[in-house]
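Asker: Below is the file coords_34.cif, which contains mmCIF, C-alpha atoms and all ligand atoms.
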```
data_final
#
loop_
_atom_site.label_atom_id
_atom_site.label_comp_id
_atom_site.auth_asym_id
_atom_site.auth_seq_id
_atom_site.Cartn_x
_atom_site.Cartn_y
_atom_site.Cartn_z
CA MET Q 1 195.91 207.93 112.93
CA LYS Q 2 197.46 205.28 115.12
CA ILE Q 3 195.77 201.97 115.76
CA LEU Q 4 196.37 198.99 118.02
CA PHE Q 5 194.80 195.80 116.70
CA LEU Q 6 194.75 192.77 119.01
CA GLY Q 7 194.47 189.22 117.64
CA ASP Q 8 191.68 186.83 118.66
CA ILE Q 9 191.13 187.11 122.42
CA VAL Q 10 190.71 183.59 123.85
CA GLY Q 11 188.94 183.13 127.17
CA ARG Q 12 189.82 184.44 130.58
CA SER Q 13 193.57 184.09 130.10
CA GLY Q 14 193.32 186.32 127.04
CA ARG Q 15 191.29 188.93 128.88
CA GLN Q 16 193.65 188.85 131.85
CA ALA Q 17 196.62 189.20 129.50
CA LEU Q 18 195.04 192.33 128.04
CA ALA Q 19 194.45 193.79 131.49
CA GLU Q 20 198.09 193.09 132.34
CA PHE Q 21 199.75 194.13 129.09
CA LEU Q 22 197.68 197.02 127.77
CA PRO Q 23 198.87 199.54 130.40
CA ARG Q 24 202.48 198.56 129.64
CA LEU Q 25 201.91 198.80 125.89
CA ALA Q 26 200.45 202.25 126.40
CA GLU Q 27 203.81 203.35 127.75
CA GLN Q 28 205.51 202.24 124.52
CA PHE Q 29 202.84 203.15 121.97
CA SER Q 30 200.11 205.74 121.74
CA TRP Q 31 197.03 204.76 119.79
CA ASP Q 32 193.93 206.66 118.80
CA VAL Q 33 191.82 203.55 118.28
CA CYS Q 34 192.06 200.06 119.78
CA LEU Q 35 190.49 197.18 117.85
CA ALA Q 36 190.37 193.51 118.80
CA ASN Q 37 188.95 190.30 117.47
CA GLY Q 38 186.54 189.00 120.12
CA GLU Q 39 185.13 185.82 118.60
CA ASN Q 40 186.72 183.58 121.28
CA ALA Q 41 186.61 185.97 124.23
CA ALA Q 42 183.93 184.14 126.28
CA GLY Q 43 185.37 180.76 127.28
CA GLY Q 44 186.95 180.36 123.86
CA LYS Q 45 183.60 180.39 122.09
CA GLY Q 46 181.74 183.55 121.20
CA LEU Q 47 180.94 186.58 123.27
CA THR Q 48 178.65 187.47 126.17
CA LEU Q 49 177.52 190.96 127.05
CA ASN Q 50 179.50 190.87 130.31
CA VAL Q 51 182.67 189.87 128.48
CA ALA Q 52 182.12 192.47 125.76
CA GLU Q 53 181.65 195.20 128.36
CA GLU Q 54 184.75 193.99 130.24
CA LEU Q 55 186.75 194.39 127.03
CA LEU Q 56 185.33 197.86 126.44
CA SER Q 57 186.35 198.82 129.97
CA LEU Q 58 189.93 197.86 129.05
CA GLY Q 59 189.87 200.49 126.32
CA ILE Q 60 188.90 198.49 123.25
CA ASP Q 61 186.78 200.59 120.88
CA CYS Q 62 185.50 197.92 118.50
CA LEU Q 63 185.29 194.13 118.53
CA THR Q 64 185.43 192.20 115.29
CA MET Q 65 184.22 188.60 115.11
CA GLY Q 66 184.45 185.53 112.89
CA ASN Q 67 183.24 181.95 112.51
CA HIS Q 68 182.63 181.70 116.29
CA THR Q 69 180.30 184.73 116.35
CA TRP Q 70 177.20 182.71 117.22
CA ASP Q 71 178.77 180.08 119.51
CA ASN Q 72 177.37 181.73 122.63
CA LYS Q 73 173.66 182.19 121.97
CA GLU Q 74 173.49 185.18 124.31
CA ILE Q 75 174.87 187.29 121.47
CA PHE Q 76 171.52 187.22 119.69
CA GLN Q 77 170.11 189.30 122.57
CA PHE Q 78 172.58 192.17 122.28
CA ILE Q 79 174.42 192.26 118.94
CA ASP Q 80 171.84 194.47 117.25
CA ASP Q 81 172.20 197.11 119.97
CA ALA Q 82 175.98 196.82 120.36
CA GLY Q 83 177.30 199.14 117.68
CA TYR Q 84 180.87 198.41 118.76
CA ILE Q 85 180.62 194.77 117.65
CA ILE Q 86 180.88 193.78 114.00
CA ARG Q 87 180.59 190.29 112.55
CA PRO Q 88 181.65 189.16 109.05
CA ALA Q 89 179.83 191.22 106.43
CA ASN Q 90 179.57 188.40 103.91
CA TYR Q 91 176.96 186.14 105.48
CA PRO Q 92 174.69 184.74 102.76
CA GLY Q 93 171.32 185.82 104.17
CA PRO Q 94 169.64 188.19 106.62
CA THR Q 95 171.90 188.19 109.66
CA PRO Q 96 171.72 189.96 113.03
CA GLY Q 97 174.26 192.67 113.70
CA ARG Q 98 176.37 194.55 111.18
CA GLY Q 99 179.49 193.85 109.15
CA HIS Q 100 181.11 197.26 109.30
CA THR Q 101 181.18 200.39 111.41
CA ILE Q 102 182.72 203.85 111.52
CA ILE Q 103 184.52 204.90 114.70
CA SER Q 104 185.06 208.53 115.67
CA SER Q 105 188.48 209.12 117.18
CA PRO Q 106 190.49 212.22 118.05
CA ALA Q 107 192.50 211.54 114.88
CA GLY Q 108 189.47 211.25 112.62
CA ALA Q 109 186.92 208.72 111.41
CA LEU Q 110 188.01 205.11 111.03
CA GLY Q 111 186.00 202.65 108.99
CA VAL Q 112 186.26 199.05 110.19
CA ILE Q 113 185.15 196.11 108.05
CA ASN Q 114 184.95 192.45 109.09
CA LEU Q 115 185.03 189.78 106.37
CA SER Q 116 185.26 186.01 106.44
CA GLY Q 117 187.21 183.96 103.97
CA GLN Q 118 185.48 181.22 101.97
CA THR Q 119 188.30 178.68 101.73
CA PHE Q 120 187.91 176.07 104.51
CA MET Q 121 185.48 178.46 106.23
CA GLY Q 122 181.97 177.45 105.22
CA PRO Q 123 179.38 178.94 102.88
CA TYR Q 124 180.03 182.65 103.14
CA ASN Q 125 179.39 185.00 100.25
CA CYS Q 126 182.35 186.26 98.26
CA PRO Q 127 184.38 188.63 100.49
CA PHE Q 128 185.80 190.42 97.46
CA ALA Q 129 182.29 191.33 96.28
CA ALA Q 130 181.08 192.13 99.79
CA VAL Q 131 183.80 194.68 100.44
CA GLU Q 132 182.95 196.47 97.19
CA GLU Q 133 179.49 197.22 98.57
CA ILE Q 134 180.89 198.66 101.82
CA LEU Q 135 183.77 200.81 100.57
CA PRO Q 136 181.55 203.52 99.02
CA LEU Q 137 179.95 204.02 102.45
CA MET Q 138 183.39 204.89 103.85
CA SER Q 139 184.50 207.46 101.28
CA ASP Q 140 184.67 210.18 103.93
CA CYS Q 141 186.69 208.14 106.43
CA ASP Q 142 190.24 209.09 107.32
CA GLY Q 143 191.25 205.44 107.41
CA ILE Q 144 189.80 201.99 106.72
CA VAL Q 145 190.87 198.76 108.42
CA VAL Q 146 189.72 195.33 107.24
CA ASP Q 147 189.80 192.32 109.59
CA PHE Q 148 189.91 189.38 107.18
CA HIS Q 149 188.99 186.35 109.26
CA ALA Q 150 190.23 183.51 107.11
CA GLU Q 151 192.11 180.22 107.10
CA ALA Q 152 193.91 180.09 103.77
CA THR Q 153 197.04 182.20 103.44
CA SER Q 154 196.48 182.46 99.69
CA GLU Q 155 193.03 183.98 100.14
CA LYS Q 156 194.38 186.45 102.71
CA VAL Q 157 197.31 187.55 100.56
CA ALA Q 158 194.96 187.86 97.59
CA LEU Q 159 192.49 190.10 99.44
CA GLY Q 160 195.37 192.26 100.61
CA ARG Q 161 196.46 192.72 97.01
CA TYR Q 162 192.87 193.27 95.86
CA LEU Q 163 192.41 196.13 98.34
CA ASP Q 164 195.92 197.56 98.07
CA GLY Q 165 195.72 201.34 97.81
CA ARG Q 166 192.00 201.40 98.60
CA VAL Q 167 192.09 200.71 102.36
CA SER Q 168 194.60 201.56 105.07
CA ALA Q 169 195.17 198.03 106.31
CA VAL Q 170 194.18 194.42 105.70
CA LEU Q 171 194.79 192.39 108.85
CA GLY Q 172 194.26 188.64 109.00
CA THR Q 173 192.77 186.84 111.99
CA HIS Q 174 191.44 183.32 112.80
CA THR Q 175 194.48 181.04 112.80
CA HIS Q 176 195.66 182.26 116.24
CA ILE Q 177 199.26 182.04 115.03
CA GLN Q 178 201.01 185.31 114.28
CA THR Q 179 202.71 185.43 110.90
CA ALA Q 180 205.98 187.28 110.34
CA ASP Q 181 205.00 188.82 107.01
CA GLU Q 182 203.88 192.29 108.03
CA LYS Q 183 204.53 194.68 105.17
CA VAL Q 184 203.53 197.74 103.24
CA LEU Q 185 201.96 196.63 99.97
CA PRO Q 186 203.03 198.40 96.73
CA GLN Q 187 200.13 200.89 96.79
CA GLY Q 188 200.57 201.65 100.48
CA THR Q 189 198.14 199.33 102.29
CA LEU Q 190 199.47 197.84 105.53
CA TYR Q 191 199.19 194.07 105.62
CA ILE Q 192 199.73 190.99 107.78
CA THR Q 193 198.42 187.49 107.06
CA ASP Q 194 197.54 186.82 110.71
CA VAL Q 195 197.80 188.98 113.80
CA GLY Q 196 197.77 185.94 116.12
CA MET Q 197 195.95 185.61 119.45
CA CYS Q 198 195.71 186.90 122.98
CA GLY Q 199 195.33 183.90 125.27
CA ALA Q 200 197.03 181.27 127.37
CA ALA Q 201 200.65 180.90 126.33
CA ASN Q 202 200.76 177.18 127.13
CA SER Q 203 197.90 175.97 124.98
CA VAL Q 204 196.85 174.77 121.55
CA LEU Q 205 195.58 177.95 119.90
CA GLY Q 206 194.36 179.13 123.31
CA MET Q 207 192.62 175.88 124.23
CA ASP Q 208 193.55 173.31 126.88
CA PRO Q 209 195.94 170.88 125.11
CA ALA Q 210 194.76 167.60 126.71
CA PRO Q 211 191.36 167.17 124.99
CA VAL Q 212 192.81 168.47 121.72
CA LEU Q 213 195.50 165.79 121.83
CA THR Q 214 192.90 163.15 122.69
CA LYS Q 215 190.88 164.12 119.67
CA PHE Q 216 193.88 164.06 117.36
CA THR Q 217 195.11 160.70 118.63
CA THR Q 218 191.80 158.84 119.05
CA LYS Q 219 189.48 160.70 116.64
CA LEU Q 220 186.82 160.59 119.37
CA PRO Q 221 184.77 163.73 120.03
CA GLY Q 222 185.92 165.80 122.96
CA ARG Q 223 184.96 168.94 124.81
CA PHE Q 224 187.49 171.72 124.38
CA SER Q 225 187.86 174.53 126.87
CA ALA Q 226 189.98 177.65 127.00
CA ALA Q 227 193.34 177.02 128.67
CA ARG Q 228 194.26 178.81 131.87
CA GLY Q 229 197.64 180.05 132.98
CA PRO Q 230 200.08 182.77 131.99
CA GLY Q 231 198.90 184.74 129.02
CA MET Q 232 200.38 186.28 125.94
CA ILE Q 233 199.27 188.94 123.55
CA ASN Q 234 199.72 189.19 119.82
CA ALA Q 235 198.92 192.50 118.15
CA VAL Q 236 199.96 194.95 115.48
CA TYR Q 237 200.52 198.67 115.85
CA LEU Q 238 199.66 200.75 112.81
CA ASP Q 239 200.67 204.32 112.08
CA LEU Q 240 198.59 205.24 109.04
CA ALA Q 241 200.35 208.54 108.36
CA ALA Q 242 203.80 206.97 108.54
CA LYS Q 243 202.58 203.86 106.67
CA SER Q 244 204.12 201.56 109.24
CA ILE Q 245 203.04 198.27 110.77
CA GLU Q 246 204.80 196.75 113.76
CA ARG Q 247 204.19 193.28 115.18
CA ILE Q 248 203.79 192.90 118.93
CA GLN Q 249 204.29 189.62 120.83
CA GLN Q 250 204.46 189.67 124.60
CA THR Q 251 204.29 186.75 126.98
CA ALA Q 252 203.94 186.78 130.75
CA ALA Q 253 207.10 185.77 132.56
CA SER Q 254 205.32 183.16 134.73
FE FE Z 301 189.62 182.73 116.71
FE FE Z 302 187.93 182.01 113.80
#
```
Written as structure tokens, how would this file's structure read?
Ligand SMILES: [Fe+2]
Ligand SMILES: [Fe+2]
Answerer:
Amino acid sequence: MKILFLGDIVGRSGRQALAEFLPRLAEQFSWDVCLANGENAAGGKGLTLNVAEELLSLGIDCLTMGNHTWDNKEIFQFIDDAGYIIRPANYPGPTPGRGHTIISSPAGALGVINLSGQTFMGPYNCPFAAVEEILPLMSDCDGIVVDFHAEATSEKVALGRYLDGRVSAVLGTHTHIQTADEKVLPQGTLYITDVGMCGAANSVLGMDPAPVLTKFTTKLPGRFSAARGPGMINAVYLDLAAKSIERIQQTAAS
């Protein structure tokens, strides 16, 4: 099974970058399943139904989420019915939506799990314990991919090691900066600490730099918005049979 996983999509520039780059990527790579983190896809904060459907129309099969899942309140109206969206599985109480799903593809069934880290991320339940409850439900899957939405590199590396040999891939998201540590772990699990982001190339993590700089320099509250302009995409391409993981970084020329 071959999988394209796209890092956090940020705002319109991210969506436009996907529309521009995905057809070109399809000439280089052939994937059976396309996954993307969508927590910032609507204006940098959360997801709307229109934006989710736009991303599906681009060929994305499943959207994972993260700490920005609930930023756009519209999601409460559709997340329970949108089986292609998963949010972190380790929320502490009853939570709308679902934390995992199984996707049927021509190459077989793919289990997808979304987890949030705890370090610097708020009061989530233990992701290590949460994944133990989900894995038995995926025993018949041909592959399992975990999107670990987390801040601390140590926690991400540790979860990769914890799941090594038990899932096909552990892919980090959330920091919006792609790390250059893609690897095959000793027991065969594909791993990267962070896939990166799909968004405006000239930005601070996909956001307009000016209000971010104002906040850093004055400590006054500011309103951040997704940056516009030429986009870039960060992704990884996985070949589960070949046990290979390849980083992808493409930026628009202008
Ligand atoms: Fe994000
Ligand atoms: Fe995040």
Asker: Around ligand FE 302 (chain Z), which protein and nucleic acid residues have at least one atom no more than 10 Å from it, if we count all atoms listed in the file? List them as a PyMOL selection string.
Answerer: chain Q and resi 8+37-40+45-46+65-69+116+121+149-151+173-176
Asker: Identify which of the residues Q:Leu137, Q:Ile79, Q:Leu47, Q:Ala129 lies closest to ligand FE 301 (chain Z), counting only C-alpha atoms and all ligand atoms when measuring atom-to-atom distances.
Answerer: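 For ligand FE 301 (chain Z), the nearest of the candidates is Q:Leu47.
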Asker: Take atom CA of Ile60 of chain Q and atom CA of Ala36 of chain Q and report the distance between them in Å, one decimal.
Answerer: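 Result for atom CA of Ile60 of chain Q versus atom CA of Ala36 of chain Q: 6.8 Å, one decimal.
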Asker: Quick one: everything within 8 Å of Gly229 of chain Q, counting only C-alpha atoms, minus sequence neighbours fewer than 3 positions away in the same chain. Send it as a list in words.
Answerer: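 Listing them by chain and then by number gives Ser13, Ala200, Ala201 and Asn202 of chain Q.
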Asker: Can you tell me how far atom CA of Ile177 of chain Q sits from atom CA of Gly7 of chain Q, in Å to one decimal?
Answerer: 9.0 Å
Asker: Counting only C-alpha atoms, which of Q:Pro136, Q:Gly44, Q:Gly97, Q:Pro88 gets nearest to Gln118 of chain Q?
Answerer: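 For Gln118 of chain Q, the nearest of the candidates is Q:Pro88.
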Asker: For each of Q:Pro186, Q:Gly108, Q:Gly43, Q:Pro123, take the minimum atom-to-atom distance to ligand FE 301 (chain Z), counting only C-alpha atoms and all ligand atoms, then give the residue where this is smallest.
Answerer: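 The answer is Q:Gly43, which sits nearest to ligand FE 301 (chain Z).
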